[in-house]
Structure formats: structure tokens, C-alpha cells
There are 2 protein chains.
Amino acid sequence: MYNEEYYRLKNIADRDLLKYLPEEEEKSRSVLEAMKYSLSAGGKRVRPVLMLAACSLAGGNEEDAVPFACAIEYIHTYSLIHDDLPAMDDDDLRRGKPTNHVVFGEACAVLAGDALLNRAFEVMFEALINGDEKNRNRYLKAARCISEASGYYGMVGGQIADIEGETSGKKDMDHLKFIHKRKTGALIKAAIIAGAHIGGGDEKLISDLSELGELMGLEFQIADDILDVCGDSSELGKPVGSDDKNGKLTYPSCVGMEKTREIYEDVHRRTMELIEKLGPEAKFFKDFAGDLYYRIN
Amino acid sequence: MYNEEYYRLKNIADRDLLKYLPEEEEKSRSVLEAMKYSLSAGGKRVRPVLMLAACSLAGGNEEDAVPFACAIEYIHTYSLIHDDLPAMDDDDLRRGKPTNHVVFGEACAVLAGDALLNRAFEVMFEALINGDEKNRNRYLKAARCISEASGYYGMVGGQIADIEGETSGKKDMDHLKFIHKRKTGALIKAAIIAGAHIGGGDEKLISDLSELGELMGLEFQIADDILDVCGDSSELGKPVGSDDKNGKLTYPSCVGMEKTREIYEDVHRRTMELIEKLGPEAKFFKDFAGDLYYRIN
């Protein structure tokens with residue numbers, strides 16, 4: 001589905017993803033099992049991969065970004081567990097497997113999400129304390145941008161607008177953009193900016209990669225919306241058309257499929273232009289955006 | 001209920017508690033309202049107060065600890081919102097008011113908790129970035145010890161053991177100690193240690209205050225268990241005997257009231273001995289422990 005370099009970076013993230021979890025305590029084993037279950041449920045590791053690639057592009061050492069890459073995957077995974085809860089999207093399947101609360105019960109799923117979110121920050125503080133003092137400013141900026149994307153200004157804000165949109169039946173583009181920017185876009189953008197900070201990128205590069213992160217988050221989300229209608233259910237890990245069934249606000253439900261593809265083409269074109277400007281060092285991002293484009297066409 | 005110095009420190013925490021919240025965004029207003037609701041529901045601010053007091057005791061400037069004090073109250077408040085959820089303790093009343101999910105619905109309550117936990121870390125990263133570089137190590141240690149107390153090794157671990165203890169009917173002292181140490185003790189201890197780090201305490205003081213934090217967390221929890229049986233429901237904000245009704249594992253349910261009071265007396269005596277050793281600078285802690293003792297006798 002993706003290119004070779006993608007899988008090389010994914011392997012680095014997968015290698016350490018469980019290593020940064022807390023040590024098991026017997027009396028609270030179930031929560032740790034629930035955390036591991038969702039972390040091991042076959043995620044694509046898009047955010048860690050983008051972070052590692054951005055760190056390289058900025059001239060840094062990939063290994064420096066690994067704890068932050070694992071932390072961002074913990075945050076992404078926590079958000080999936082909580083989003084699937086009966087009180088939220090009430091999903092029983094995720095990536096073809098029973099969701100966390102179906103397996104471990106609702107209380108344990110809430111706590112596993114809480115513990116993953118919390119652990120992400122523990123891992124980042126640890127990396128900050130153990131890291132070289134001369135890198136602290138850059139690492140702190142990375143951590144701050146991840147935390148902003150995860151909270152009220154990011155995923156939490158997007159999720160409440162999504163849920164309230166479902167019940168109020170709001171179908172306007174303004175509402176859709178608010179949701180997408182925060183719910184998916186923010187953390188993808190943060191992955192890229194954080195990687196650039198960790199890699200030691202200068203202001204100009206951070207600014208370019210911030211724009212790239214914005215575009216890629218958007219492209220990624222529109223592609224997801226299209227695939228939910230036209231994709232392959234075995235690849236999606238959920239039935240085709242589930243957004244529509246759940247009354248989700250998506251690009252196709254808002255402006256129709258034809259217009260959605262037009263918007264996608266426009267975003268893709270702008271992404272590719274920006275990547276060209278970044279030069280040959282940005283090859284990974286070119287291939288990544290190309291693979292995404294190939295998938296939906 | 002507490003002494004004058006307690007209220008002076010509480011006022012400092014209350015002054016800035018809402019100030020560190022995110023700016024309102026119209027489409028996600030409900031979550032921010034839910035966050036404010038629980039933050040404004042009349043908490044005693046024990047953890048912020050202890051942190052500010054420990055910072056002073058270590059010779060630091062109270063104001064330096066304020067963002068961290070607000071962050072720890074956000075974490076405490078998030079844990080109350082999630083603990084009250086129908087899937088967890090299913091409580092409708094907290095401090096005499098309807099719980100968060102009763103007012104805002106379950107989805108919004110989960111997200112308000114998530115956003116408060118996340119915001120705590122955003123505030124700490126911000127304080128780290130804006131703070132003086134020479135204080136970074138100390139501030140990072142404070143942040144790490146708060147994050148550890150809040151996650152799997154702390155509150156989350158305690159809460160799952162508490163819930164599983166209820167359903168399995170486990171009534172042993174070993175299980176009770178595990179729960180108390182993590183669910184209440186850890187964050188109280190972290191408040192004191194974090195305050196000492198921020199205030200610039202040396203290793204000896206950090207070690208002494210770590211012991212004090214452990215004892216105070218324990219004393220606080222046993223007092224809470226006693227008050228749930230013998231207290232005044234208007235002061236508790238919930239009906240007397242609610243732990244027993246919910247099948248909660250407590251000191252009285254585990255070893256009876258007489259033995260519980262014996263254990264409390266022993267912990268209190270050890271707390272006071274340690275405080276004496278710390279000298280006149282520890283007057284606040286002496287008064288605080290004294291007030292607690294007075295309340296339950």
C-alpha cells in the first residue's frame with residue numbers, strides 16, 4: 001500500500017511502541033492488557049512515520065524522534081478507544097477487530113485511553129530529562145505542539161463538534177472543516193512539525209512543513225472520506241459506507257462525490273507543489289502523497 | 001475547616017485556575033463549559049495548596065508553582081469526572097451538585113475529562129518553555145512526578161483495582177493499600193514533591209518531603225474513609241455511608257472502625273514526628289495535619 005521507506009520507518013516505530021509502556025503491576029494488569037490490545041491492533045503508524053520522516057528531512061537523527069513518535073501513537077490510539085465508546089460513536093469494530101470496550105468492558109476502556117494519553121506525556125518528559133540539554137528547547141516545542149493537537153484546540157474539539165454535528169444534523173462546509181482540521185488534521189500536522197523541531201529545522205523549514213502538515217492532514221482526511229464510500233472493506237477494517245450509516249458529516253455527504261474529488265485534486269496539487277519546492281530531501285513525502293493518490297484513484 | 005494560611009494559598013490557586021483554560025471556540029463550547037463546571041464545583045484545592053506550601057518550604061517563590069498547581073487540579077478534576085461516569089462508579093452527585101455527565105451527557109463528560117488531562121500538560125509545557133532555562137531541570141522533574149502519579153502507576157492503576165475489587169468482592173488489606181496508594185496517595189505525594197522541586201529543594205529535603213507526601217496521602221485517605229461513615233453529609237457533599245453502599249473497599253470495611261482509628265492515630269503520629277524534624281518552616285503542614293486530625297475527632 002505504501003512504499004518501502006514507509007515500511008522501514010514503520011518498523012522503527014513498531015520496534016519500540018510496546019517498550020515505552022509502563023511495567024505491569026499485577027493488580028492493574030487488565031488496563032495494561034487493554035492498552036497493548038489497541039496498540040497492537042494493526043495500526044498503520046502514519047503519525048510516527050511522518051514524524052520520523054520530518055525529523056530526517058530537517059537533518060536530524062531519526063532515533064532522537066522515536067520516543068515522541070511512540071508518544072504520538074499512544075495519543076492517536078487513546079483517541080480511537082474513547083471515540084469508539086458506546087457514549088461516543090458506539091463502534092464495535094475497528095480495523096476488523098472488536099473494539100477495546102467490547103473486549104475489556106467500558107470502564108477498563110476509558111481507563112486504558114486515559115492511561116495511554118497520560119503515558120504519552122510521561123514518555124516525553126522522560127525523553128526531555130534524559131536528552132541533551134542543548135536540544136531541550138526544540139524538544140519542548142515538539143512536545144507542546146503534540147499536546148496542543150491532542151487537546152481542546154485539536155482532537156477533543158473536533159470530536160465534540162463531530163458528535164454534536166451528528167445529533168443536530170448540521171451539514172455545512174464550515175462545520176465539516178472545523179471537525180476535519182481538529183479531529184484528524186491537527187495530529188498529522190503536529191507529527192510533521194514535531195519531527196522538524198526534533199530534527200533541528202530552521203524557522204523557514206518549520207513554516208514550510210507546517211503548511212505541508214496542514215495540506216497532508218486535509219488530503220488524508222478527504223481520502224478517508226472517499227475510501228469510506230468507494231474503498232475495499234477488507235482494507236478499511238470496517239464496512240464500506242459506515243460514515244453514512246452513522247450520519248457522519250463527510251465531504252461526500254456535504255458536497256457530493258464529484259465535488260469531493262475536485263477538492264481532493266486541488267489539495268493534492270498544492271501538496272505536490274509544496275513538496276517540489278522542498279527539493280529532493282522531501283522524496284518520502286512525495287512518495288507518500290503519491291501512494292495516497294494512487295489508492296483513491 | 002482549615003487554617004488561614006490554607007485559604008490564602010487556596011485563593012492563589014483559585015485566582016488562576018480558569019485563566020489557564022483554553023480560549024473558547026464556538027463549535028466546541030460545550031466541552032469547555034463542562035470543564036469549567038467541574039473546576040468551579042467547589043473543590044478544596046488540597047493538591048494545589050500542598051504544592052504551593054511545599055514550594056515555599058523549599059525556599060521558592062510560590063508564584064513559580066502556580067501553573068503546575070493549576071495543572072494538578074485539572075488532573076484531579078479530570079479523574080473525578082471519569083470516576084463518576086456510569087461505566088465507572090456511576091455517581092450522580094459530587095460535592096452536592098449533579099455530576100458532569102448528568103449535566104452535559106456522557107460523551108461530553110468523557111471529552112471534558114480528556115481535555116482537562118491534556119490541558120494540564122499543555123500548561124506545564126508552556127511554563128517550561130517560558131520559564132527560566134536555569135530552572136528547567138527542576139521544573140521537568142516536577143512535571144514528570146505529576147505525570148507518573150496521574151497515569152498507570154498512579155491514579156489509573158488505583159481506579160481499575162478499585163473497580164475490580166468491587167466486582168470481585170476482594171476485601172484484603174493488600175488490595176486496599178494498593179488502591180489507596182495510587183488512587184489518592186500518589187497525586188497528593190506528587191503535589192508535595194513537585195512543589196519541593198519547583199522551590200529548589202535539595203536532595204535531602206526532596207526525600208523528606210517525599211516521605212511526608214506518602215504519609216499525608218495515607219492520612220488523608222483514611223480520614224476520608226472515616227468521614228464517609230461518621231461525617232456530616234452537608235460537608236461531604238454526598239450522603240454519609242455511600243462507600244459502603246457502593247461496595248467500596250475502605251479501611252472500616254476491611255478492618256473495622258476501631259482498628260481504622262488506631263491506624264489513623266499511628267499515621268498521624270508519624271506525620272507529626274516528621275514535621276517536627278522539618279522545623280518551624282513546616283508550620284503549614286503541621287497546621288494542615290492538625291486540622292485534619294481535628295475534623296475526624
# chains A, B, ... in the order shown; residues from 1 in each chain; ligands from 1

call {"tool": "interface_residues", "arguments": {"of": "chain A", "to": "chain B", "cutoff": "8 Å", "atoms": "only C-alpha atoms", "output": "PDB file with C-alpha atoms, in the first residue's frame"}}
result
ATOM      1  CA  PRO A  22       4.750   1.002  31.918  1.00  0.00           C
ATOM      2  CA  LYS A  27      -3.445  -5.607  40.451  1.00  0.00           C
ATOM      3  CA  SER A  28      -3.932  -3.352  37.441  1.00  0.00           C
ATOM      4  CA  SER A  30      -6.217  -5.535  32.829  1.00  0.00           C
ATOM      5  CA  VAL A  31      -5.659  -1.866  31.922  1.00  0.00           C
ATOM      6  CA  LEU A  32      -2.190  -2.598  30.582  1.00  0.00           C
ATOM      7  CA  HIS A  82     -12.529   6.816  23.521  1.00  0.00           C
ATOM      8  CA  ALA A  87     -21.458   7.079  24.586  1.00  0.00           C
ATOM      9  CA  MET A  88     -19.471   8.380  21.589  1.00  0.00           C
ATOM     10  CA  GLU A 106     -16.327   0.120  29.207  1.00  0.00           C
ATOM     11  CA  ALA A 107     -14.643   1.115  32.477  1.00  0.00           C
ATOM     12  CA  CYS A 108     -11.379  -0.538  31.507  1.00  0.00           C
ATOM     13  CA  VAL A 110     -11.987   4.537  29.457  1.00  0.00           C
ATOM     14  CA  LEU A 111      -9.035   3.938  31.776  1.00  0.00           C
ATOM     15  CA  ASP A 114      -6.647   7.747  29.948  1.00  0.00           C
ATOM     16  CA  ALA A 115      -3.501   5.783  30.711  1.00  0.00           C
ATOM     17  CA  LEU A 117      -2.792   9.693  26.902  1.00  0.00           C
ATOM     18  CA  ASN A 118      -1.015  10.098  30.195  1.00  0.00           C
ATOM     19  CA  ARG A 119       1.787   7.736  29.219  1.00  0.00           C
ATOM     20  CA  PHE A 121       3.392  12.696  28.312  1.00  0.00           C
ATOM     21  CA  GLU A 122       5.400  10.586  30.750  1.00  0.00           C
ATOM     22  CA  PHE A 125       9.075  14.162  29.956  1.00  0.00           C
ATOM     23  CA  GLU A 126      11.464  11.238  30.309  1.00  0.00           C
ATOM     24  CA  LEU A 128      13.311  15.635  27.847  1.00  0.00           C
ATOM     25  CA  ILE A 129      15.011  14.831  31.152  1.00  0.00           C
ATOM     26  CA  ASN A 137      14.158  23.962  23.518  1.00  0.00           C
ATOM     27  CA  LEU A 140       9.904  21.170  24.303  1.00  0.00           C
ATOM     28  CA  LYS A 141       8.467  22.826  21.210  1.00  0.00           C
ATOM     29  CA  ALA A 143       6.047  18.260  22.925  1.00  0.00           C
ATOM     30  CA  ARG A 144       3.982  21.425  23.134  1.00  0.00           C
ATOM     31  CA  SER A 147      -0.102  18.385  23.293  1.00  0.00           C
ATOM     32  CA  GLU A 148      -1.959  21.250  21.611  1.00  0.00           C
ATOM     33  CA  SER A 150      -4.374  16.432  21.190  1.00  0.00           C
ATOM     34  CA  GLY A 151      -6.491  18.650  23.444  1.00  0.00           C
ATOM     35  CA  TYR A 152      -9.282  21.187  23.208  1.00  0.00           C
ATOM     36  CA  TYR A 153      -7.721  23.015  20.259  1.00  0.00           C
ATOM     37  CA  VAL A 156     -11.102  16.859  21.599  1.00  0.00           C
ATOM     38  CA  GLY A 157     -12.595  19.945  19.973  1.00  0.00           C
ATOM     39  CA  GLY A 158     -13.020  18.080  16.695  1.00  0.00           C
ATOM     40  CA  ILE A 160     -17.292  17.123  20.219  1.00  0.00           C
ATOM     41  CA  ALA A 161     -18.132  19.091  17.062  1.00  0.00           C
ATOM     42  CA  HIS A 175     -18.660  22.737  10.408  1.00  0.00           C
ATOM     43  CA  PHE A 178     -13.729  22.657  11.784  1.00  0.00           C
TER      44      PHE A 178
END

call {"tool": "select_by_dssp", "arguments": {"residues": "range 7-248 of chain A", "states": "strand (DSSP E)", "output": "PyMOL selection string"}}
result
chain A and resi 93-94+97-98

call {"tool": "write_last_selection", "arguments": {"atoms": "N, CA, C and O atoms", "output": "mmCIF file, in the first residue's frame"}}
result
data_model
loop_
_atom_site.group_PDB
_atom_site.id
_atom_site.type_symbol
_atom_site.label_atom_id
_atom_site.label_comp_id
_atom_site.auth_asym_id
_atom_site.auth_seq_id
_atom_site.Cartn_x
_atom_site.Cartn_y
_atom_site.Cartn_z
ATOM 1 N N LEU A 93 -16.425 -2.494 15.912
ATOM 2 C CA LEU A 93 -15.298 -2.999 15.126
ATOM 3 C C LEU A 93 -14.345 -1.863 14.782
ATOM 4 O O LEU A 93 -14.758 -0.757 14.460
ATOM 5 N N ARG A 94 -13.064 -2.191 14.826
ATOM 6 C CA ARG A 94 -12.012 -1.223 14.473
ATOM 7 C C ARG A 94 -10.905 -2.039 13.835
ATOM 8 O O ARG A 94 -10.427 -3.001 14.438
ATOM 9 N N LYS A 97 -11.256 -5.727 14.058
ATOM 10 C CA LYS A 97 -11.247 -6.429 15.346
ATOM 11 C C LYS A 97 -12.249 -5.793 16.308
ATOM 12 O O LYS A 97 -12.555 -4.602 16.169
ATOM 13 N N PRO A 98 -12.734 -6.547 17.287
ATOM 14 C CA PRO A 98 -13.654 -5.949 18.268
ATOM 15 C C PRO A 98 -12.979 -4.755 18.960
ATOM 16 O O PRO A 98 -11.769 -4.815 19.241
#

call {"tool": "closest_residue", "arguments": {"among": "B:Leu215, B:Leu249, B:Leu205, B:Leu9", "to": "Met272 in chain B", "atoms": "only C-alpha atoms"}}
result
B:Leu215

call {"tool": "residues_around", "arguments": {"residues": "range 6-8 of chain B", "least_positions_apart": "3", "cutoff": "10 Å", "atoms": "only C-alpha atoms", "output": "PDB file with C-alpha atoms, in the first residue's frame"}}
result
ATOM      1  CA  MET B   1     -12.311  23.885  58.341  1.00  0.00           C
ATOM      2  CA  TYR B   2      -8.705  24.691  57.584  1.00  0.00           C
ATOM      3  CA  ASN B   3      -6.427  27.434  58.854  1.00  0.00           C
ATOM      4  CA  ASN B  11      -7.074  31.789  46.869  1.00  0.00           C
ATOM      5  CA  ILE B  12      -3.894  31.885  44.811  1.00  0.00           C
ATOM      6  CA  ALA B  13      -4.863  28.638  43.090  1.00  0.00           C
ATOM      7  CA  ASP B  14      -8.474  29.750  42.585  1.00  0.00           C
ATOM      8  CA  LYS B  44     -10.983  22.247  48.323  1.00  0.00           C
ATOM      9  CA  ARG B  45      -7.841  22.587  46.136  1.00  0.00           C
ATOM     10  CA  VAL B  46      -5.885  20.384  48.524  1.00  0.00           C
ATOM     11  CA  VAL B  49      -2.354  24.202  48.243  1.00  0.00           C
ATOM     12  CA  LEU B  50       0.077  21.461  49.258  1.00  0.00           C
ATOM     13  CA  LEU B  52       2.407  25.908  46.899  1.00  0.00           C
ATOM     14  CA  ALA B  53       3.210  25.233  50.552  1.00  0.00           C
ATOM     15  CA  PHE B 284       1.770  24.969  57.392  1.00  0.00           C
ATOM     16  CA  PHE B 285       1.984  21.184  57.230  1.00  0.00           C
ATOM     17  CA  ASP B 287      -1.436  23.023  60.974  1.00  0.00           C
ATOM     18  CA  PHE B 288      -2.860  21.131  57.992  1.00  0.00           C
TER      19      PHE B 288
END

call {"tool": "select_by_dssp", "arguments": {"residues": "range 81-223 of chain B", "states": "alpha helix (DSSP H)", "output": "number ranges by chain"}}
result
B: 81-84, 100-104, 106-130, 136-150, 155-168, 173-180, 186-198, 203-223

call {"tool": "atom_distance", "arguments": {"atom1": "CA of Phe104 in chain A", "atom2": "CA of Asp84 in chain A"}}
result
12.8 Å

call {"tool": "atom_distance", "arguments": {"atom1": "CA of Asn100 in chain B", "atom2": "CA of Tyr37 in chain B"}}
result
7.5 Å
